[in-house]
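Below is structure.pdb, which holds PDB, C-alpha atoms and all ligand atoms.
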ATOM      1  CA  MET A  32     -41.217  -9.905 -36.605
ATOM      2  CA  ASN A  33     -40.835  -6.480 -38.178
ATOM      3  CA  LYS A  34     -42.639  -4.900 -35.245
ATOM      4  CA  ILE A  35     -39.937  -6.103 -32.947
ATOM      5  CA  LEU A  36     -37.033  -5.630 -35.318
ATOM      6  CA  LEU A  37     -37.697  -2.019 -36.308
ATOM      7  CA  PRO A  38     -37.507  -0.488 -32.779
ATOM      8  CA  SER A  39     -34.371  -2.443 -32.022
ATOM      9  CA  VAL A  40     -32.755  -1.288 -35.268
ATOM     10  CA  LEU A  41     -33.658   2.301 -34.392
ATOM     11  CA  PHE A  42     -32.292   1.827 -30.898
ATOM     12  CA  PHE A  43     -29.108   0.377 -32.336
ATOM     13  CA  LEU A  44     -28.723   3.345 -34.672
ATOM     14  CA  LEU A  45     -29.245   5.764 -31.812
ATOM     15  CA  LEU A  46     -26.647   3.883 -29.806
ATOM     16  CA  LEU A  47     -24.198   4.163 -32.691
ATOM     17  CA  LEU A  48     -24.844   7.875 -32.992
ATOM     18  CA  SER A  49     -24.345   8.510 -29.303
ATOM     19  CA  CYS A  50     -21.171   6.420 -29.330
ATOM     20  CA  GLY A  51     -19.927   8.491 -32.212
ATOM     21  CA  ASP A  52     -20.615  11.646 -30.271
ATOM     22  CA  SER A  53     -18.714  10.599 -27.200
ATOM     23  CA  ALA A  54     -15.838   9.305 -29.292
ATOM     24  CA  VAL A  55     -15.532  12.739 -30.901
ATOM     25  CA  SER A  56     -15.724  14.563 -27.595
ATOM     26  CA  MET A  57     -13.109  12.264 -26.067
ATOM     27  CA  MET A  58     -10.754  13.096 -28.890
ATOM     28  CA  ASP A  59     -11.289  16.807 -28.573
ATOM     29  CA  PRO A  60      -8.783  18.103 -26.013
ATOM     30  CA  ASP A  61     -10.759  21.253 -25.327
ATOM     31  CA  ASP A  62     -13.744  19.236 -24.270
ATOM     32  CA  GLY A  63     -11.817  17.465 -21.492
ATOM     33  CA  ASN A  64     -12.912  17.934 -17.919
ATOM     34  CA  THR A  65      -9.821  19.908 -16.992
ATOM     35  CA  LEU A  66     -11.379  21.668 -14.029
ATOM     36  CA  SER A  67     -12.011  18.532 -11.975
ATOM     37  CA  ALA A  68      -9.487  17.555  -9.292
ATOM     38  CA  PRO A  69      -6.459  15.777 -10.780
ATOM     39  CA  VAL A  70      -6.578  12.030 -10.215
ATOM     40  CA  ASP A  71      -3.515  10.838  -8.359
ATOM     41  CA  ASP A  72      -1.288   8.883 -10.719
ATOM     42  CA  PRO A  73      -1.213   5.230  -9.563
ATOM     43  CA  GLY A  74       2.516   5.218 -10.302
ATOM     44  CA  HIS A  75       2.899   7.867  -7.601
ATOM     45  CA  VAL A  76       1.795   5.413  -4.926
ATOM     46  CA  GLU A  77       4.587   3.040  -5.794
ATOM     47  CA  ILE A  78       7.242   5.770  -5.942
ATOM     48  CA  CYS A  79       6.016   7.249  -2.673
ATOM     49  CA  HIS A  80       6.114   3.823  -0.966
ATOM     50  CA  ASP A  81       9.624   3.272  -2.364
ATOM     51  CA  ASN A  82      10.680   6.662  -0.976
ATOM     52  CA  MET A  83       9.275   5.885   2.452
ATOM     53  CA  ASN A  84      10.870   2.406   2.395
ATOM     54  CA  SER A  85      14.250   3.973   1.616
ATOM     55  CA  LEU A  86      13.826   6.496   4.428
ATOM     56  CA  ALA A  87      12.820   3.722   6.839
ATOM     57  CA  SER A  88      15.841   1.560   6.014
ATOM     58  CA  ALA A  89      18.082   4.628   6.292
ATOM     59  CA  CYS A  90      16.540   5.267   9.733
ATOM     60  CA  ALA A  91      17.284   1.642  10.666
ATOM     61  CA  MET A  92      20.909   2.073   9.550
ATOM     62  CA  PHE A  93      21.135   5.326  11.475
ATOM     63  CA  TYR A  94      19.844   3.514  14.560
ATOM     64  CA  GLY A  95      22.486   0.830  14.037
ATOM     65  CA  MET A  96      25.225   3.470  14.134
ATOM     66  CA  GLU A  97      23.891   5.969  16.658
ATOM     67  CA  ASN A  98      21.682   3.783  18.835
ATOM     68  CA  ARG A  99      18.836   6.209  18.249
ATOM     69  CA  TYR A 100      16.671   7.311  15.343
ATOM     70  CA  PRO A 101      17.490  10.681  13.726
ATOM     71  CA  GLU A 102      15.913  13.814  15.196
ATOM     72  CA  GLU A 103      15.144  15.026  11.694
ATOM     73  CA  LEU A 104      15.354  13.362   8.297
ATOM     74  CA  SER A 105      18.105  15.822   7.327
ATOM     75  CA  GLU A 106      20.385  13.956   9.772
ATOM     76  CA  LEU A 107      20.291  11.038   7.337
ATOM     77  CA  GLY A 108      21.940  13.363   4.841
ATOM     78  CA  THR A 109      24.459  15.025   7.154
ATOM     79  CA  SER A 110      25.547  11.621   8.515
ATOM     80  CA  GLY A 111      26.135  10.421   4.952
ATOM     81  CA  ILE A 112      23.723   7.504   5.372
ATOM     82  CA  TYR A 113      21.179   8.615   2.803
ATOM     83  CA  GLU A 114      21.812  11.476   0.415
ATOM     84  CA  ASN A 115      18.295  11.448  -1.038
ATOM     85  CA  TRP A 116      16.618  12.033   2.331
ATOM     86  CA  ASP A 117      14.846  15.058   0.787
ATOM     87  CA  ASP A 118      13.180  13.185  -2.073
ATOM     88  CA  PRO A 119       9.597  14.473  -1.954
ATOM     89  CA  CYS A 120       6.314  12.613  -2.393
ATOM     90  CA  PRO A 121       5.730  12.489  -6.174
ATOM     91  CA  GLY A 122       2.042  13.226  -5.654
ATOM     92  CA  CYS A 123       2.381  16.576  -3.890
ATOM     93  CA  GLY A 124       6.081  17.454  -4.115
ATOM     94  CA  GLU A 125       6.369  17.971  -0.344
ATOM     95  CA  LEU A 126       8.953  16.474   2.019
ATOM     96  CA  TYR A 127       7.868  13.584   4.218
ATOM     97  CA  GLN A 128       6.565  14.329   7.673
ATOM     98  CA  TYR A 129       8.902  12.807  10.219
ATOM     99  CA  SER A 130       8.688  12.634  13.986
ATOM    100  CA  THR A 131      10.513  10.875  16.788
ATOM    101  CA  ASN A 132      10.574  11.088  20.589
ATOM    102  CA  VAL A 133      13.186  12.564  22.958
ATOM    103  CA  ILE A 134      15.293   9.409  23.315
ATOM    104  CA  GLY A 135      14.886   8.508  19.637
ATOM    105  CA  ASP A 136      13.643   4.941  20.043
ATOM    106  CA  THR A 137      10.599   5.388  17.837
ATOM    107  CA  TYR A 138       9.800   7.171  14.588
ATOM    108  CA  SER A 139       7.093   7.781  12.045
ATOM    109  CA  ILE A 140       7.361   8.737   8.371
ATOM    110  CA  ILE A 141       4.115  10.004   6.862
ATOM    111  CA  CYS A 142       3.230  10.873   3.258
ATOM    112  CA  PRO A 143       2.597  14.635   3.248
ATOM    113  CA  MET A 144      -0.288  14.591   0.756
ATOM    114  CA  LEU A 145      -3.313  16.395   2.116
ATOM    115  CA  THR A 146      -5.768  14.063   0.398
ATOM    116  CA  ASP A 147      -7.533  11.385   2.384
ATOM    117  CA  PRO A 148      -6.308   8.731   2.041
ATOM    118  CA  ASN A 149      -2.750   9.799   1.301
ATOM    119  CA  HIS A 150      -0.055   7.246   0.380
ATOM    120  CA  GLY A 151       0.251   5.959   3.927
ATOM    121  CA  TYR A 152       2.961   5.909   6.583
ATOM    122  CA  ILE A 153       5.684   3.833   8.235
ATOM    123  CA  ILE A 154       5.901   3.688  12.016
ATOM    124  CA  ASP A 155       8.947   1.930  13.493
ATOM    125  CA  GLY A 156       9.405  -0.100  10.330
ATOM    126  CA  ILE A 157       5.750  -1.172  10.080
ATOM    127  CA  ARG A 158       4.067  -0.089   6.831
ATOM    128  CA  SER A 159       0.464   1.037   6.662
ATOM    129  CA  TRP A 160       0.032  -0.702   3.323
ATOM    130  CA  PRO A 161      -0.318  -4.461   2.778
ATOM    131  CA  PRO A 162       2.613  -6.520   1.485
ATOM    132  CA  GLY A 163       2.825  -6.849  -2.268
ATOM    133  CA  SER A 164       0.601  -3.842  -2.923
ATOM    134  CA  GLY A 165       3.565  -1.985  -4.357
ATOM    135  CA  GLY A 166       4.263  -4.817  -6.770
ATOM    136  CA  GLY A 167       7.428  -5.551  -4.845
ATOM    137  CA  ILE A 168       7.060  -9.323  -4.777
ATOM    138  CA  GLU A 169       8.828  -9.861  -8.123
ATOM    139  CA  GLY A 170      11.615  -7.455  -7.186
ATOM    140  CA  CYS A 171      11.988  -9.136  -3.814
ATOM    141  CA  ARG A 172      12.231 -12.599  -5.304
ATOM    142  CA  SER A 173      14.778 -11.530  -7.884
ATOM    143  CA  ASN A 174      16.796  -9.944  -5.036
ATOM    144  CA  MET A 175      16.733 -13.243  -3.153
ATOM    145  CA  MET A 176      17.791 -15.114  -6.282
ATOM    146  CA  SER A 177      20.712 -12.706  -6.745
ATOM    147  CA  LEU A 178      21.748 -13.293  -3.139
ATOM    148  CA  GLY A 179      21.362 -17.041  -3.650
ATOM    149  CA  SER A 180      23.668 -17.022  -6.659
ATOM    150  CA  GLY A 181      26.060 -14.789  -4.684
ATOM    151  CA  CYS A 182      26.109 -17.483  -1.999
ATOM    152  CA  ALA A 183      26.751 -20.164  -4.619
ATOM    153  CA  MET A 184      29.672 -18.157  -6.023
ATOM    154  CA  PHE A 185      30.989 -17.657  -2.514
ATOM    155  CA  TYR A 186      30.809 -21.421  -1.961
ATOM    156  CA  GLY A 187      32.718 -21.954  -5.186
ATOM    157  CA  SER A 188      35.677 -19.919  -3.946
ATOM    158  CA  GLU A 189      35.550 -20.519  -0.171
ATOM    159  CA  ASN A 190      34.161 -24.061  -0.043
ATOM    160  CA  ARG A 191      31.531 -22.879   2.467
ATOM    161  CA  TYR A 192      28.569 -20.562   2.493
ATOM    162  CA  PRO A 193      28.979 -17.126   4.109
ATOM    163  CA  ILE A 194      28.142 -16.855   7.803
ATOM    164  CA  HIS A 195      26.639 -13.391   7.193
ATOM    165  CA  LEU A 196      25.499 -11.883   3.889
ATOM    166  CA  LYS A 197      27.984  -9.098   4.611
ATOM    167  CA  GLU A 198      30.751 -11.551   3.696
ATOM    168  CA  LEU A 199      29.541 -11.411   0.079
ATOM    169  CA  GLY A 200      30.462  -7.737   0.082
ATOM    170  CA  ILE A 201      33.736  -8.112   2.004
ATOM    171  CA  THR A 202      35.024 -10.778  -0.403
ATOM    172  CA  GLY A 203      33.900  -8.772  -3.439
ATOM    173  CA  VAL A 204      31.581 -11.581  -4.607
ATOM    174  CA  MET A 205      28.568  -9.292  -4.520
ATOM    175  CA  GLU A 206      28.860  -5.596  -3.813
ATOM    176  CA  ASN A 207      25.127  -5.077  -3.404
ATOM    177  CA  TRP A 208      24.772  -7.783  -0.746
ATOM    178  CA  ASP A 209      22.736  -5.239   1.243
ATOM    179  CA  LEU A 210      19.726  -5.358  -1.098
ATOM    180  CA  VAL A 211      16.466  -4.768   0.719
ATOM    181  CA  CYS A 212      12.972  -6.126   0.185
ATOM    182  CA  PRO A 213      11.173  -3.485  -1.929
ATOM    183  CA  ASP A 214       8.030  -3.768   0.156
ATOM    184  CA  CYS A 215       9.439  -3.454   3.651
ATOM    185  CA  GLY A 216      12.845  -1.882   3.005
ATOM    186  CA  GLU A 217      14.597  -4.291   5.383
ATOM    187  CA  LEU A 218      17.706  -6.378   4.801
ATOM    188  CA  TYR A 219      17.105 -10.064   4.116
ATOM    189  CA  SER A 220      17.188 -12.529   6.960
ATOM    190  CA  TYR A 221      20.054 -14.946   6.511
ATOM    191  CA  TYR A 222      20.913 -18.110   8.418
ATOM    192  CA  SER A 223      23.858 -20.430   8.104
ATOM    193  CA  ASP A 224      25.440 -23.043  10.336
ATOM    194  CA  PRO A 225      28.907 -22.338  11.829
ATOM    195  CA  ALA A 226      30.605 -24.552   9.223
ATOM    196  CA  GLY A 227      28.763 -22.812   6.382
ATOM    197  CA  THR A 228      27.354 -26.002   4.879
ATOM    198  CA  THR A 229      23.823 -24.715   4.517
ATOM    199  CA  TYR A 230      21.974 -21.424   4.195
ATOM    200  CA  VAL A 231      18.533 -19.841   4.148
ATOM    201  CA  ILE A 232      17.732 -16.413   2.688
ATOM    202  CA  GLN A 233      14.340 -15.143   3.760
ATOM    203  CA  CYS A 234      12.282 -12.073   2.946
ATOM    204  CA  PRO A 235      12.060  -9.980   6.139
ATOM    205  CA  LEU A 236       8.388  -9.056   5.713
ATOM    206  CA  PRO A 237       6.631  -9.524   9.033
ATOM    207  CA  TRP A 238       3.500 -10.800   7.312
ATOM    208  CA  ASP A 239       2.579 -14.403   6.662
ATOM    209  CA  PRO A 240       2.832 -15.338   3.886
ATOM    210  CA  GLY A 241       5.662 -13.018   2.938
ATOM    211  CA  HIS A 242       7.626 -13.181  -0.281
ATOM    212  CA  GLY A 243       9.184 -16.548   0.504
ATOM    213  CA  PHE A 244      12.698 -17.854   1.041
ATOM    214  CA  ILE A 245      15.571 -19.764  -0.578
ATOM    215  CA  ASP A 246      16.871 -22.798   1.283
ATOM    216  CA  ASP A 247      20.229 -24.087  -0.052
ATOM    217  CA  GLY A 248      19.369 -22.888  -3.526
ATOM    218  CA  VAL A 249      15.813 -24.275  -3.441
ATOM    219  CA  ILE A 250      13.213 -21.535  -3.851
ATOM    220  CA  SER A 251       9.978 -21.673  -1.856
ATOM    221  CA  TRP A 252       7.707 -20.185  -4.513
TER     222      TRP A 252
HETATM  223 ZN    ZN B 301       2.979  10.296  -1.059
HETATM  224 ZN    ZN B 302      10.112  -9.204   0.325
END
Show this structure as structure tokens.
Amino acid sequence: MNKILLPSVLFFLLLLLSCGDSAVSMMDPDDGNTLSAPVDDPGHVEICHDNMNSLASACAMFYGMENRYPEELSELGTSGIYENWDDPCPGCGELYQYSTNVIGDTYSIICPMLTDPNHGYIIDGIRSWPPGSGGGIEGCRSNMMSLGSGCAMFYGSENRYPIHLKELGITGVMENWDLVCPDCGELYSYYSDPAGTTYVIQCPLPWDPGHGFIDDGVISW
């Protein structure tokens, strides 16, 4: 028994000692591996995706007004559509790479980080990252619930649901009726019948399953 126990006790002691060593070195700031490449902050990915989503929805709004995508991102600023068009990628501090074609019916927004992989890209509204990877599902669903209660308030005063979500803004029921899905940056799909007796609010994500929908106040998730 002792023959087996003694080596394992020694081993255990050695383990304790080595643990103690590494604990000390971890606490010593001068011993940190400061020369290695900085690890990209995971929070940067989310901020960068949010930035690109905002740029993409601003491009979509620009298209709605001008019937073409902007030639340069700065046009989003000069047209007054999106003042923060020059928000940089939080990982590298550079402006987003943007390109379009001559007639402006296509665009791409690319994260400027030189690392491979960088934070991804958006081409014509399609994201390079999977839905929900930015943690946007909770934000999306709370957006839809806000819109749903906006619709209920609208019904309370108008005795019908809005025909378009825009009506929530026009009537002053909900100023931020133009909330977008945090993962795709698009306005919510909304359906109502001509009499406004029913409605559906749906996340615009092109993936299946997306973030769900609200049908006459009944949530799908
Ligand atoms: Zn980035
Ligand atoms: Zn969504």
Could you list, as a PyMOL selection string, every residue within 8 Å of Gly156 of chain A, counting only C-alpha atoms and ignoring same-chain residues fewer than 5 positions away?
chain A and resi 87-88+215
Once you count all atoms listed in the file, which residues end up within 12 Å of ligand ZN 301 (chain B), and could you hand them over as an MDAnalysis selection string?
chainID A and resid 71:84 118:128 140:153
Could you list, as number ranges by chain, all residues that come within 6 Å of ligand ZN 302 (chain B)? Count only C-alpha atoms and all ligand atoms.
A: 168, 171, 212, 214, 234, 236, 242
Please identify all polymer residues within 6 Å of segment 191-197 of chain A, counting all atoms listed in the file, omitting same-chain residues fewer than 4 positions from it, and present them as a ChimeraX atom specification.
/A:182,186,223,227-228
Evaluate the PyMOL selection byres (((chain A and resi 105-111) around 10) and not hetatm) here and jot the selected residues down as a PyMOL selection string.
chain A and resi 86+89-90+92-93+96+100-104+112-117
Find the residues around Trp252 of chain A up to 9 Å (only C-alpha atoms counted), leave out those fewer than 3 positions away in its own chain, and share them as an NGL selection string.
:A and (172 or 242-245)
Mind giving me the straight-line distance from atom CA of Ile157 of chain A to atom CA of Asn98 of chain A in Å, one decimal?
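That distance, rounded to one decimal, is 18.8 Å.
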Between atom CA of Pro225 of chain A and atom CA of Asn190 of chain A, what is the distance in Å, rounded to a tenth?
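Interatomic distance, atom CA of Pro225 of chain A to atom CA of Asn190 of chain A: 13.1 Å.
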